[in-house]
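A.B. asks: What follows is a single structure, and I will ask about it in a moment.
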Amino acid sequence: MDTTSRILMFLEVVEQGSFAKVAELRNIDRSVVSKQMNKLEDDLGVRLLNRSTRSFSLTAAGSEMLKKAKELRDLLGETLTIAQNYHTEPKGLLKITSSTIIGKRYILPVLIEFQQRFPQVQVEMRLEDRLVDVVGEGYDLAFRVGPPRDSSLISRAIARNRMLIVAAPKFLQTYGEPKTMQELAKLPAATYASDGLRISELPYFDDKGNDTTIDINSVFRANDGDVLIAKAVSGTAYCAVPAFAINDEVKSGALKPILTHIKLPDYHTVQAVYPHRGLPVRTQLFLEAVRDYIGKGIPCWEKNIPGFENMYGFEVKEASPIGRWTA
């Protein structure tokens, strides 16, 4: 490993916060990372890290080197982008991460067709709902709901993300169909819960147009949208879900949108997130293919919900291709 590679590894160590995490990401032994950091300090003739048994801190020299390491990574990335953009045929590795449902239903079909068109492009895809370190883990694209927390990343809205409330006919026979949000609050619900997000309230606009919420009587929690839908289909709980979680359940009659006269607020749009503005050709082409597949006006998943355009107080504004909810 040369000095440049060690500098980039040093940057990873600082961003990940431990030698062990870098070793896991690179699939190497932790001792290898430690040895390379020692060699880097020998190469530069300065100590970069103050180490203890369980942690480390940056020295003054390490803090300065960290700035240069970030500049080096950006420069190398831009250099590779320039070179890749000269290829007439997209090639190389496309590394993508996505939340689970979006990845399975709306990204995977595009990937399959994309590789048929461009067989020299290799793809690595990871599906998980945790917050991913796009830069530190080396992803070209991340598909997520809502803007990134890291302001240094580029974020592009690719589709609106409306919510709806659904219940199975069996559920409505058992509990009766609620007419108000206060009645809904008393009924058993299936809700999303993960390490980073736990849904306990349902926001809506009251009759006067004021933002308000109801507490959700959650009897079942899961970190997977398909599981929540399956629970609702069983007739033992209702759920409030984004439209992209609905497949054919509404069309088939397995689920019914309820309280459709209630005005629901805007929800975070589906976003494509990437580390740099200068995208390689393969990444740019793939991003455009995803946008075409999902649809640049009405997203394809809303077609699974007949009459959805007239539900939950939604109005499409001509000035906005994403649309919005109005109170």
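Labels used: A, B, ... for chains in the order of the structure tokens, numbers from 1 for residues in each chain, and numbers from 1 for ligands as shown.
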List every residue of segment 48-266 of chain A that DSSP, applied to the backbone of this structure, places in alpha helix (DSSP H), and write the result as a ChimeraX atom specification.

C.D. replies: /A:60-84,100-102,108-117,169-175,181-185,225-233,249-252

A.B. asks: Write out as a ChimeraX atom specification the residues lying within 8 Å of segment 44-61 of chain A, counting only C-alpha atoms and excluding same-chain residues fewer than 4 positions away.

C.D. replies: /A:18,40,65

A.B. asks: Kindly save the residues from that selection, with N, CA and C atoms included, as a short mmCIF file (atom, residue, chain, number, x, y, z; two decimals), in the first residue's frame.

C.D. replies:
```cif
data_model
loop_
_atom_site.label_atom_id
_atom_site.label_comp_id
_atom_site.auth_asym_id
_atom_site.auth_seq_id
_atom_site.Cartn_x
_atom_site.Cartn_y
_atom_site.Cartn_z
N SER A 18 -13.21 4.26 14.35
CA SER A 18 -12.49 3.13 14.94
C SER A 18 -11.77 2.34 13.86
N LEU A 40 2.05 5.02 7.93
CA LEU A 40 1.76 6.37 7.45
C LEU A 40 2.47 7.40 8.32
N MET A 65 -3.70 17.09 8.71
CA MET A 65 -3.67 16.05 7.68
C MET A 65 -5.07 15.63 7.28
#
```

A.B. asks: Work out how far apart atom CA of Val32 of chain A and atom CA of Glu78 of chain A are and give it in Å to one decimal.

C.D. replies: 28.2 Å

A.B. asks: Extract, using only C-alpha atoms, all DNA, RNA and protein residues at most 10 Å from segment 210-220 of chain A, discarding same-chain residues fewer than 3 positions from it, and format them as an MDAnalysis selection string.

C.D. replies: chainID A and resid 181:193 199:207 228 231 236:240 263:265 327

A.B. asks: Dump as JSON lines the rows for residues of segment 235-285 of chain A within 10 Å of segment 138-161 of chain A: closest atom pair and distance in Å with one decimal, only C-alpha atoms counted, ordered by chain and rising residue number.

C.D. replies:
```
{"residue": "A:Val241", "atom": "CA", "partner": "A:Asn161", "partner_atom": "CA", "distance": 9.9}
{"residue": "A:Pro242", "atom": "CA", "partner": "A:Asn161", "partner_atom": "CA", "distance": 6.3}
{"residue": "A:Ala243", "atom": "CA", "partner": "A:Asn161", "partner_atom": "CA", "distance": 6.6}
{"residue": "A:Phe244", "atom": "CA", "partner": "A:Asn161", "partner_atom": "CA", "distance": 7.3}
{"residue": "A:Asp266", "atom": "CA", "partner": "A:Asn161", "partner_atom": "CA", "distance": 8.0}
{"residue": "A:Tyr267", "atom": "CA", "partner": "A:Asn161", "partner_atom": "CA", "distance": 6.0}
{"residue": "A:His268", "atom": "CA", "partner": "A:Gly146", "partner_atom": "CA", "distance": 4.6}
{"residue": "A:Thr269", "atom": "CA", "partner": "A:Arg160", "partner_atom": "CA", "distance": 4.7}
{"residue": "A:Val270", "atom": "CA", "partner": "A:Val145", "partner_atom": "CA", "distance": 4.4}
{"residue": "A:Gln271", "atom": "CA", "partner": "A:Ala157", "partner_atom": "CA", "distance": 4.5}
{"residue": "A:Ala272", "atom": "CA", "partner": "A:Phe143", "partner_atom": "CA", "distance": 4.7}
{"residue": "A:Val273", "atom": "CA", "partner": "A:Ser155", "partner_atom": "CA", "distance": 4.5}
{"residue": "A:Tyr274", "atom": "CA", "partner": "A:Leu141", "partner_atom": "CA", "distance": 4.9}
{"residue": "A:Pro275", "atom": "CA", "partner": "A:Leu153", "partner_atom": "CA", "distance": 4.9}
{"residue": "A:His276", "atom": "CA", "partner": "A:Ile154", "partner_atom": "CA", "distance": 6.5}
{"residue": "A:Arg277", "atom": "CA", "partner": "A:Ile154", "partner_atom": "CA", "distance": 6.8}
{"residue": "A:Leu279", "atom": "CA", "partner": "A:Asp140", "partner_atom": "CA", "distance": 8.4}
{"residue": "A:Pro280", "atom": "CA", "partner": "A:Asp140", "partner_atom": "CA", "distance": 9.1}
{"residue": "A:Arg282", "atom": "CA", "partner": "A:Asp140", "partner_atom": "CA", "distance": 9.9}
{"residue": "A:Thr283", "atom": "CA", "partner": "A:Asp140", "partner_atom": "CA", "distance": 7.0}
{"residue": "A:Gln284", "atom": "CA", "partner": "A:Leu141", "partner_atom": "CA", "distance": 9.8}
```

A.B. asks: As a ChimeraX atom specification, please: all residues of segment 7-127 of chain A that backbone DSSP puts in strand (DSSP E or B).

C.D. replies: /A:49-51,56-58,92-98,121-127

A.B. asks: Could you dump the residues just selected with C-alpha atoms as a PDB file, in the first residue's frame?

C.D. replies:
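Writing the result to out29.pdb gives the following:
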```pdb
ATOM      1  CA  LEU A  49      -3.284   9.810  16.289  1.00  0.00           C
ATOM      2  CA  ASN A  50      -3.085   9.613  20.055  1.00  0.00           C
ATOM      3  CA  ARG A  51      -4.113   6.021  20.783  1.00  0.00           C
ATOM      4  CA  PHE A  56      -8.009   7.507  19.693  1.00  0.00           C
ATOM      5  CA  SER A  57      -7.861  11.274  19.211  1.00  0.00           C
ATOM      6  CA  LEU A  58      -6.281  13.462  16.568  1.00  0.00           C
ATOM      7  CA  GLY A  92     -16.998   0.154 -13.821  1.00  0.00           C
ATOM      8  CA  LEU A  93     -18.618  -0.430 -10.428  1.00  0.00           C
ATOM      9  CA  LEU A  94     -21.926   1.232  -9.513  1.00  0.00           C
ATOM     10  CA  LYS A  95     -22.406   1.004  -5.740  1.00  0.00           C
ATOM     11  CA  ILE A  96     -25.943   1.742  -4.552  1.00  0.00           C
ATOM     12  CA  THR A  97     -27.808   1.685  -1.250  1.00  0.00           C
ATOM     13  CA  SER A  98     -31.535   2.056  -0.730  1.00  0.00           C
ATOM     14  CA  VAL A 121     -21.238  -1.936 -15.542  1.00  0.00           C
ATOM     15  CA  GLN A 122     -20.901  -3.955 -12.342  1.00  0.00           C
ATOM     16  CA  VAL A 123     -23.437  -3.331  -9.589  1.00  0.00           C
ATOM     17  CA  GLU A 124     -23.244  -3.659  -5.824  1.00  0.00           C
ATOM     18  CA  MET A 125     -26.558  -3.016  -4.087  1.00  0.00           C
ATOM     19  CA  ARG A 126     -27.245  -2.908  -0.354  1.00  0.00           C
ATOM     20  CA  LEU A 127     -30.769  -2.667   1.039  1.00  0.00           C
TER      21      LEU A 127
END
```

A.B. asks: Could you check which of A:Met163, A:Ala232, A:Leu108, A:Ala222 is closest to Tyr312 of chain A, using only C-alpha atoms?

C.D. replies: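 Looking only at the distances to Tyr312 of chain A, the closest residue turns out to be A:Met163.
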
A.B. asks: Rounded to one decimal in Å, what is the spacing between atom CA of Leu172 of chain A and atom CA of Ser252 of chain A?

C.D. replies: 16.2 Å

A.B. asks: As an exercise, work out the distance from atom CA of Cys300 of chain A to atom CA of Lys256 of chain A in Å and give it to one decimal place.

C.D. replies: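 Value for the atom CA of Cys300 of chain A-atom CA of Lys256 of chain A distance: 18.9 Å.
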